[in-house]
2 protein chains.
Amino acid sequence: MSRQLTEMLKGTLEGIVLAILSGRPAHGYEITAWLRAHGFADIAEGTVYALLVRVERRGLVDVRKVPSEKGPPRKVYSLSPQGRKDLDEFWKTWAFLAEKLQRLRKGDK
Amino acid sequence: MSRQLTEMLKGTLEGIVLAILSGRPAHGYEITAWLRAHGFADIAEGTVYALLVRVERRGLVDVRKVPSEKGPPRKVYSLSPQGRKDLDEFWKTWAFLAEKLQRLRKGDK
DNA sequence: ACTGGTACCTAGCAACACCGAATAGTTGCG
DNA sequence: CGCAACTATTCGGTGTTGCTAGGTACCAGT
């Protein structure tokens with residue numbers, strides 16, 4: 001992984017995961033697979049699980065244990081009301097930063 | 001500072017500073033002032049100086065000590081060839097991430 | 001018995017931005 | 001003169017984050 005992308009993901013990965021969950025509930029393995037399939041080829045699996053633990057502890061997601069036919073039971077996460085608020089905030093913050101960077105790129109130096 | 005913006009700045013602040021330097025050489029205090037004037041009102045001063053030390057150690061910038069009429073001597077930073085390469089990479093990485101997020105925002109979940 | 005896919009977890013690490021403070025030179029004001 | 005205010009840089013300690021590199025567990029097919 002490039003150092004730059006690693007650093008940029010700090011802060012955005014959480015938003016990305018919340019955004020995924022805003023569409024539908026999902027479990028960790030599924031989220032990892034989604035990321036891999038959508039261009040984030042080498043996000044470490046452990047990273048996703050650690051992130052989910054964090055957002056759960058903060059009350060941004062609700063968890064439901066669901067038995068799986070294959071392998072150990074799944075932990076299915078869904079966005080909580082607080083998580084929805086956080087996601088809103090995330091998009092605002094992202095928009096702010098994206099706007100600044102766009103200007104900067106166009107020579108506003 | 002919002003926690004979210006703080007985390008998002010990780011990785012991007014370095015790109016922002018390099019982008020500023022790509023326009024013209026500048027010293028730390030000046031860069032801080034520029035940031036404050038352009039919407040990044042509460043980026044800690046110490047943060048900028050620490051960042052400059054890092055990019056200098058990595059060879060992304062050249063430094064020139066210039067006596068100031070006011071206060072201690074300035075350290076004027078300018079983008080090195082390596083820094084220009086890094087800045088290019090930064091924009092590519094940013095574009096990658098921005099594209100992913102844009103899709104995500106538009107319901108590609 | 002063994003491989004491979006599913007599914008989750010953990011400890012230790014490095015990088016980054018923040019906070020709070022210190023240092024040092026110059027100008028201006030009471 | 002003394003002291004605030006501005007210029008300009010540095011530093012130690014903190015918390016959050018993603019990565020590395022494993023481990024655990026369950027099941028199906030060979």
# chains A, B, ... in the order shown; residues from 1 in each chain; ligands from 1
>>> residues_around(residues="DG15 of chain D", least_positions_apart="5", cutoff="12 Å", atoms="only C-alpha atoms (C1' of nucleotides)", output="NGL selection string")
(:B and (3 or 6-7)) or (:C and (16-19))
>>> interface_residues(of="chain A", to="chain D", cutoff="10 Å", atoms="only C-alpha atoms (C1' of nucleotides)", output="list in words")
Met1, Thr6, Glu7, Met8, Leu9, Lys10, Gly11, Leu13, Ile43, Ala44, Glu45, Gly46, Thr47, Val48, Ala50, Leu51, Ser68, Glu69, Lys70, Gly71, Pro72 and Pro73 of chain A
>>> write_last_selection(atoms="N, CA and C atoms", output="PDB file, in the first residue's frame")
ATOM      1  N   MET A   1       0.847  -1.206   0.000  1.00  0.00           N
ATOM      2  CA  MET A   1       0.000   0.000   0.000  1.00  0.00           C
ATOM      3  C   MET A   1       0.880   1.253   0.000  1.00  0.00           C
ATOM      4  N   THR A   6      -2.475   5.197   2.510  1.00  0.00           N
ATOM      5  CA  THR A   6      -2.643   4.771   3.901  1.00  0.00           C
ATOM      6  C   THR A   6      -2.999   5.952   4.790  1.00  0.00           C
ATOM      7  N   GLU A   7      -2.272   7.027   4.632  1.00  0.00           N
ATOM      8  CA  GLU A   7      -2.532   8.190   5.482  1.00  0.00           C
ATOM      9  C   GLU A   7      -3.865   8.841   5.151  1.00  0.00           C
ATOM     10  N   MET A   8      -4.179   8.881   3.868  1.00  0.00           N
ATOM     11  CA  MET A   8      -5.444   9.494   3.472  1.00  0.00           C
ATOM     12  C   MET A   8      -6.635   8.702   3.974  1.00  0.00           C
ATOM     13  N   LEU A   9      -6.480   7.398   4.071  1.00  0.00           N
ATOM     14  CA  LEU A   9      -7.592   6.560   4.519  1.00  0.00           C
ATOM     15  C   LEU A   9      -7.934   6.824   5.973  1.00  0.00           C
ATOM     16  N   LYS A  10      -6.948   7.315   6.704  1.00  0.00           N
ATOM     17  CA  LYS A  10      -7.237   7.653   8.094  1.00  0.00           C
ATOM     18  C   LYS A  10      -8.312   8.731   8.095  1.00  0.00           C
ATOM     19  N   GLY A  11      -9.419   8.415   8.651  1.00  0.00           N
ATOM     20  CA  GLY A  11     -10.506   9.374   8.659  1.00  0.00           C
ATOM     21  C   GLY A  11     -11.533   9.091   7.593  1.00  0.00           C
ATOM     22  N   LEU A  13     -11.760   6.074   5.792  1.00  0.00           N
ATOM     23  CA  LEU A  13     -12.208   4.677   5.767  1.00  0.00           C
ATOM     24  C   LEU A  13     -13.437   4.479   6.644  1.00  0.00           C
ATOM     25  N   ILE A  43      -6.778  -3.303   1.326  1.00  0.00           N
ATOM     26  CA  ILE A  43      -7.076  -2.918   2.699  1.00  0.00           C
ATOM     27  C   ILE A  43      -7.064  -4.183   3.544  1.00  0.00           C
ATOM     28  N   ALA A  44      -6.263  -4.154   4.581  1.00  0.00           N
ATOM     29  CA  ALA A  44      -6.086  -5.346   5.406  1.00  0.00           C
ATOM     30  C   ALA A  44      -7.385  -5.712   6.102  1.00  0.00           C
ATOM     31  N   GLU A  45      -7.611  -7.018   6.194  1.00  0.00           N
ATOM     32  CA  GLU A  45      -8.833  -7.490   6.826  1.00  0.00           C
ATOM     33  C   GLU A  45      -8.908  -7.014   8.278  1.00  0.00           C
ATOM     34  N   GLY A  46      -7.806  -7.139   8.954  1.00  0.00           N
ATOM     35  CA  GLY A  46      -7.763  -6.742  10.360  1.00  0.00           C
ATOM     36  C   GLY A  46      -8.178  -5.297  10.556  1.00  0.00           C
ATOM     37  N   THR A  47      -7.854  -4.471   9.574  1.00  0.00           N
ATOM     38  CA  THR A  47      -8.190  -3.052   9.660  1.00  0.00           C
ATOM     39  C   THR A  47      -9.703  -2.863   9.753  1.00  0.00           C
ATOM     40  N   VAL A  48     -10.415  -3.590   8.936  1.00  0.00           N
ATOM     41  CA  VAL A  48     -11.875  -3.456   8.915  1.00  0.00           C
ATOM     42  C   VAL A  48     -12.478  -3.894  10.247  1.00  0.00           C
ATOM     43  N   ALA A  50     -11.093  -4.036  13.172  1.00  0.00           N
ATOM     44  CA  ALA A  50     -10.737  -3.076  14.221  1.00  0.00           C
ATOM     45  C   ALA A  50     -11.616  -1.839  14.135  1.00  0.00           C
ATOM     46  N   LEU A  51     -11.854  -1.395  12.922  1.00  0.00           N
ATOM     47  CA  LEU A  51     -12.702  -0.218  12.711  1.00  0.00           C
ATOM     48  C   LEU A  51     -14.119  -0.486  13.195  1.00  0.00           C
ATOM     49  N   SER A  68     -24.095 -18.638  10.643  1.00  0.00           N
ATOM     50  CA  SER A  68     -23.778 -18.813   9.232  1.00  0.00           C
ATOM     51  C   SER A  68     -23.730 -20.303   8.905  1.00  0.00           C
ATOM     52  N   GLU A  69     -24.119 -20.652   7.687  1.00  0.00           N
ATOM     53  CA  GLU A  69     -24.022 -22.067   7.300  1.00  0.00           C
ATOM     54  C   GLU A  69     -22.558 -22.439   7.117  1.00  0.00           C
ATOM     55  N   LYS A  70     -21.790 -21.438   6.798  1.00  0.00           N
ATOM     56  CA  LYS A  70     -20.357 -21.671   6.554  1.00  0.00           C
ATOM     57  C   LYS A  70     -19.540 -20.897   7.565  1.00  0.00           C
ATOM     58  N   GLY A  71     -18.835 -21.589   8.380  1.00  0.00           N
ATOM     59  CA  GLY A  71     -17.939 -20.921   9.310  1.00  0.00           C
ATOM     60  C   GLY A  71     -18.639 -20.366  10.519  1.00  0.00           C
ATOM     61  N   PRO A  72     -17.933 -19.594  11.299  1.00  0.00           N
ATOM     62  CA  PRO A  72     -18.437 -19.047  12.568  1.00  0.00           C
ATOM     63  C   PRO A  72     -19.565 -18.050  12.346  1.00  0.00           C
ATOM     64  N   PRO A  73     -20.326 -17.749  13.375  1.00  0.00           N
ATOM     65  CA  PRO A  73     -21.466 -16.831  13.243  1.00  0.00           C
ATOM     66  C   PRO A  73     -21.015 -15.459  12.771  1.00  0.00           C
TER      67      PRO A  73
END
>>> interface_residues(of="chain A", to="chain B", cutoff="10 Å", atoms="only C-alpha atoms", output="number ranges by chain")
A: 2-17, 19-24, 34, 38-40, 86, 89-94, 96-98, 100-101, 104-105, 107-109
>>> select_by_dssp(residues="chain A", states="strand (DSSP E or B)", output="list in words")
Ala26, His27, Val61, Asp62, Val63, Arg64, Lys65, Val66, Arg74, Lys75, Val76, Tyr77, Ser78 and Leu79 of chain A
>>> closest_residue(among="C:DA7, C:DC29, C:DA15, C:DA22", to="chain B", atoms="only C-alpha atoms (C1' of nucleotides)")
C:DA15
>>> closest_residue(among="C:DG12, C:DG20, C:DG30, C:DG5", to="chain A", atoms="only C-alpha atoms (C1' of nucleotides)")
C:DG5
>>> select_by_dssp(residues="segment 54-95 of chain A", states="alpha helix (DSSP H)", output="list of chain:residue names")
A:Arg54, A:Val55, A:Glu56, A:Arg57, A:Pro81, A:Gln82, A:Gly83, A:Arg84, A:Lys85, A:Asp86, A:Leu87, A:Asp88, A:Glu89, A:Phe90, A:Trp91, A:Lys92, A:Thr93, A:Trp94, A:Ala95
>>> atom_distance(atom1="atom CA of Lys106 of chain B", atom2="atom CA of Thr32 of chain A")
20.0 Å
>>> atom_distance(atom1="atom CA of Arg103 of chain B", atom2="atom CA of Leu35 of chain A")
12.8 Å
